[in-house]
Amino acid sequence: MGEKRKAVIFLNGEPPREQAVSEIDFRSSFVICADGAADYASKFCRPDLLIGDFDSITSHGLFEDVDMEKFPVKKNCTDAQLAVERAARLGFEEIEIYGAFGLRPDHELVNYALLPLAHSLGCVAVLKGGMFDVFFVARGKEFVMEVEKDKIVSLVPYSDSVHILYTEGLLYEAKDVCVDKINVFTSSNAACGGVVRYCLDRGTALLFVEN
């Protein structure tokens, strides 16, 4: 794998915007395309691995000398899950996932599960979108990141409920509060600029950060 330090996964949803593609360092990234994502990814990169059941890819001829892992169409997981699991097995602890949103809404909802999947495999993953990036916030470990001032930040429970010990760096901060899937009052917050912190001691959540 040489100097490649992270995995970049392209899924067969809405392709990333030109600006997002320009910010990817392909030289230091191991690129995995899940099935039909190879069709659009071939326009701006050469993948290191193609994975999936290949029921939707149309550009087979472009990747004859690229490593491919083919799976049966009838299987108990998605091509996206296979890609994340493969990245973890290859030893990458950081994973950027593009193409998780758009097109089929059921696929989009299922793709959120890639974040806790990556976490369970010892990886830190992010779903990269046009308007928002989505991160996974686990219990028992402080989540910390730099967020520009006034960017929208929304915490949405992934488990049935979460208990927030504290948040910092937000316009509306929280301390010792519970949030569940019916009463979500932790959305549409705003970063004060600088470091944003979340600490949960129960449950897990998705954190949406405006680009």
# chains A, B, ... in the order shown; residues from 1 in each chain; ligands from 1
$ residues_around --residues "range 177-180 of chain A" --least-positions-apart "6" --cutoff "12 Å" --atoms "only C-alpha atoms" --output "list in words"
Leu155, Val156, Pro157, Tyr158, Ser159, Asp160, Ser161, Val162, His163, Ile164, Leu165, Tyr166, Thr167, Thr186, Ser187, Cys199, Leu200, Asp201, Arg202, Gly203, Thr204 and Ala205 of chain A
$ write_last_selection --atoms "C-alpha atoms" --output "PDB file, in the first residue's frame"
ATOM      1  CA  LEU A 155     -26.782  15.862  16.386  1.00  0.00           C
ATOM      2  CA  VAL A 156     -29.362  13.181  15.549  1.00  0.00           C
ATOM      3  CA  PRO A 157     -29.771  10.051  17.714  1.00  0.00           C
ATOM      4  CA  TYR A 158     -28.828   6.826  15.953  1.00  0.00           C
ATOM      5  CA  SER A 159     -29.834   4.660  18.906  1.00  0.00           C
ATOM      6  CA  ASP A 160     -33.318   5.054  20.361  1.00  0.00           C
ATOM      7  CA  SER A 161     -32.030   7.712  22.765  1.00  0.00           C
ATOM      8  CA  VAL A 162     -28.800   9.366  23.849  1.00  0.00           C
ATOM      9  CA  HIS A 163     -27.661  11.064  27.016  1.00  0.00           C
ATOM     10  CA  ILE A 164     -25.437  14.070  26.430  1.00  0.00           C
ATOM     11  CA  LEU A 165     -22.977  14.784  29.208  1.00  0.00           C
ATOM     12  CA  TYR A 166     -21.904  18.053  27.595  1.00  0.00           C
ATOM     13  CA  THR A 167     -21.276  19.932  24.367  1.00  0.00           C
ATOM     14  CA  THR A 186     -30.183  19.108  18.970  1.00  0.00           C
ATOM     15  CA  SER A 187     -30.505  19.869  15.260  1.00  0.00           C
ATOM     16  CA  CYS A 199     -19.576  13.742  24.918  1.00  0.00           C
ATOM     17  CA  LEU A 200     -22.219  11.017  25.305  1.00  0.00           C
ATOM     18  CA  ASP A 201     -22.421   8.466  28.093  1.00  0.00           C
ATOM     19  CA  ARG A 202     -25.405   6.595  26.641  1.00  0.00           C
ATOM     20  CA  GLY A 203     -26.398   5.799  23.108  1.00  0.00           C
ATOM     21  CA  THR A 204     -24.894   6.716  19.753  1.00  0.00           C
ATOM     22  CA  ALA A 205     -25.619   9.544  17.329  1.00  0.00           C
TER      23      ALA A 205
END
$ residues_around --residues "range 125-140 of chain A" --least-positions-apart "4" --cutoff "9 Å" --atoms "only C-alpha atoms" --output "VMD selection string"
chain A and resid 14 16 to 17 20 84 93 to 101 111 to 112 114 to 116 118 to 119 152 155 158 162 to 163 198 to 211
$ select_by_dssp --residues "chain A" --states "alpha helix (DSSP H)" --output "PyMOL selection string"
chain A and resi 18-22+37-41+79-89+105-111+114-120
$ write_last_selection --atoms "N, CA and C atoms" --output "JSON list (two decimals), in the first residue's frame"
[["chain", "number", "residue", "atom", "x", "y", "z"],
["A", 18, "GLU", "N", -17.54, 18.42, -8.26],
["A", 18, "GLU", "CA", -16.19, 18.66, -8.76],
["A", 18, "GLU", "C", -15.27, 19.24, -7.68],
["A", 19, "GLN", "N", -15.82, 20.14, -6.86],
["A", 19, "GLN", "CA", -15.01, 20.74, -5.80],
["A", 19, "GLN", "C", -14.55, 19.69, -4.80],
["A", 20, "ALA", "N", -15.46, 18.77, -4.44],
["A", 20, "ALA", "CA", -15.10, 17.72, -3.49],
["A", 20, "ALA", "C", -14.03, 16.81, -4.07],
["A", 21, "VAL", "N", -14.14, 16.47, -5.34],
["A", 21, "VAL", "CA", -13.15, 15.61, -5.98],
["A", 21, "VAL", "C", -11.78, 16.27, -5.98],
["A", 22, "SER", "N", -11.75, 17.60, -6.22],
["A", 22, "SER", "CA", -10.48, 18.32, -6.29],
["A", 22, "SER", "C", -9.75, 18.33, -4.94],
["A", 37, "ALA", "N", -20.34, 2.49, -8.91],
["A", 37, "ALA", "CA", -19.63, 3.74, -8.66],
["A", 37, "ALA", "C", -18.42, 3.88, -9.56],
["A", 38, "ALA", "N", -17.90, 2.75, -10.04],
["A", 38, "ALA", "CA", -16.74, 2.80, -10.94],
["A", 38, "ALA", "C", -17.06, 3.56, -12.22],
["A", 39, "ASP", "N", -18.32, 3.59, -12.63],
["A", 39, "ASP", "CA", -18.68, 4.28, -13.87],
["A", 39, "ASP", "C", -18.38, 5.77, -13.80],
["A", 40, "TYR", "N", -18.72, 6.42, -12.68],
["A", 40, "TYR", "CA", -18.43, 7.85, -12.59],
["A", 40, "TYR", "C", -17.02, 8.11, -12.07],
["A", 41, "ALA", "N", -16.52, 7.24, -11.19],
["A", 41, "ALA", "CA", -15.19, 7.45, -10.62],
["A", 41, "ALA", "C", -14.10, 7.35, -11.68],
["A", 79, "ASP", "N", -23.05, -3.93, -1.17],
["A", 79, "ASP", "CA", -21.72, -3.70, -1.73],
["A", 79, "ASP", "C", -20.96, -2.65, -0.91],
["A", 80, "ALA", "N", -21.70, -1.68, -0.37],
["A", 80, "ALA", "CA", -21.08, -0.65, 0.46],
["A", 80, "ALA", "C", -20.49, -1.25, 1.73],
["A", 81, "GLN", "N", -21.22, -2.17, 2.35],
["A", 81, "GLN", "CA", -20.70, -2.83, 3.55],
["A", 81, "GLN", "C", -19.45, -3.63, 3.22],
["A", 82, "LEU", "N", -19.44, -4.31, 2.09],
["A", 82, "LEU", "CA", -18.27, -5.07, 1.67],
["A", 82, "LEU", "C", -17.06, -4.16, 1.51],
["A", 83, "ALA", "N", -17.28, -2.97, 0.96],
["A", 83, "ALA", "CA", -16.18, -2.03, 0.74],
["A", 83, "ALA", "C", -15.60, -1.55, 2.07],
["A", 84, "VAL", "N", -16.47, -1.22, 3.02],
["A", 84, "VAL", "CA", -15.98, -0.75, 4.32],
["A", 84, "VAL", "C", -15.23, -1.87, 5.04],
["A", 85, "GLU", "N", -15.78, -3.07, 5.02],
["A", 85, "GLU", "CA", -15.11, -4.19, 5.68],
["A", 85, "GLU", "C", -13.76, -4.49, 5.04],
["A", 86, "ARG", "N", -13.68, -4.36, 3.73],
["A", 86, "ARG", "CA", -12.41, -4.60, 3.04],
["A", 86, "ARG", "C", -11.38, -3.54, 3.42],
["A", 87, "ALA", "N", -11.80, -2.30, 3.49],
["A", 87, "ALA", "CA", -10.88, -1.22, 3.89],
["A", 87, "ALA", "C", -10.33, -1.47, 5.28],
["A", 88, "ALA", "N", -11.19, -1.93, 6.18],
["A", 88, "ALA", "CA", -10.75, -2.22, 7.54],
["A", 88, "ALA", "C", -9.76, -3.37, 7.56],
["A", 89, "ARG", "N", -10.04, -4.42, 6.78],
["A", 89, "ARG", "CA", -9.13, -5.57, 6.75],
["A", 89, "ARG", "C", -7.78, -5.20, 6.17],
["A", 105, "PRO", "N", -33.78, 6.48, -1.72],
["A", 105, "PRO", "CA", -33.78, 6.88, -0.30],
["A", 105, "PRO", "C", -33.54, 5.71, 0.64],
["A", 106, "ASP", "N", -33.95, 4.49, 0.26],
["A", 106, "ASP", "CA", -33.69, 3.34, 1.13],
["A", 106, "ASP", "C", -32.19, 3.05, 1.22],
["A", 107, "HIS", "N", -31.50, 3.18, 0.09],
["A", 107, "HIS", "CA", -30.04, 3.00, 0.11],
["A", 107, "HIS", "C", -29.37, 4.05, 0.98],
["A", 108, "GLU", "N", -29.87, 5.28, 0.88],
["A", 108, "GLU", "CA", -29.29, 6.37, 1.67],
["A", 108, "GLU", "C", -29.42, 6.08, 3.17],
["A", 109, "LEU", "N", -30.60, 5.63, 3.58],
["A", 109, "LEU", "CA", -30.79, 5.32, 5.00],
["A", 109, "LEU", "C", -29.89, 4.17, 5.45],
["A", 110, "VAL", "N", -29.77, 3.15, 4.62],
["A", 110, "VAL", "CA", -28.91, 2.02, 4.96],
["A", 110, "VAL", "C", -27.46, 2.45, 5.05],
["A", 111, "ASN", "N", -27.06, 3.40, 4.21],
["A", 111, "ASN", "CA", -25.66, 3.83, 4.19],
["A", 111, "ASN", "C", -25.24, 4.53, 5.48],
["A", 114, "LEU", "N", -23.14, 2.49, 7.75],
["A", 114, "LEU", "CA", -21.72, 2.27, 7.47],
["A", 114, "LEU", "C", -20.84, 2.93, 8.54],
["A", 115, "LEU", "N", -21.35, 3.99, 9.16],
["A", 115, "LEU", "CA", -20.56, 4.68, 10.18],
["A", 115, "LEU", "C", -20.38, 3.84, 11.44],
["A", 116, "PRO", "N", -21.46, 3.31, 12.04],
["A", 116, "PRO", "CA", -21.24, 2.43, 13.19],
["A", 116, "PRO", "C", -20.53, 1.13, 12.80],
["A", 117, "LEU", "N", -20.71, 0.67, 11.55],
["A", 117, "LEU", "CA", -19.98, -0.51, 11.10],
["A", 117, "LEU", "C", -18.49, -0.24, 11.14],
["A", 118, "ALA", "N", -18.08, 0.88, 10.58],
["A", 118, "ALA", "CA", -16.66, 1.23, 10.58],
["A", 118, "ALA", "C", -16.14, 1.37, 12.01],
["A", 119, "HIS", "N", -16.94, 1.98, 12.87],
["A", 119, "HIS", "CA", -16.54, 2.14, 14.27],
["A", 119, "HIS", "C", -16.32, 0.78, 14.93],
["A", 120, "SER", "N", -17.19, -0.17, 14.64],
["A", 120, "SER", "CA", -17.07, -1.50, 15.24],
["A", 120, "SER", "C", -15.82, -2.23, 14.75]]
$ closest_residue --among "A:Lys74, A:Lys43, A:Lys141, A:Arg5" --to "Arg197 in chain A" --atoms "only C-alpha atoms"
A:Lys141
$ atom_distance --atom1 "CA of Leu90 in chain A" --atom2 "CA of Phe54 in chain A"
21.2 Å
$ residues_around --residues "Val31 in chain A" --least-positions-apart "4" --cutoff "7 Å" --atoms "only C-alpha atoms" --output "list in words"
Ala7, Val8, Ile9, Pro47, Asp48 and Leu49 of chain A
$ closest_residue --among "A:Ala34, A:Ser188, A:Val66, A:Val196" --to "Glu142 in chain A" --atoms "only C-alpha atoms"
A:Val196
$ select_by_dssp --residues "range 16-189 of chain A" --states "strand (DSSP E or B)" --output "number ranges by chain"
A: 29-34, 49-52, 67-70, 94-98, 124-128, 132-137, 139, 143-147, 152-157, 161-168, 170, 175-180, 189
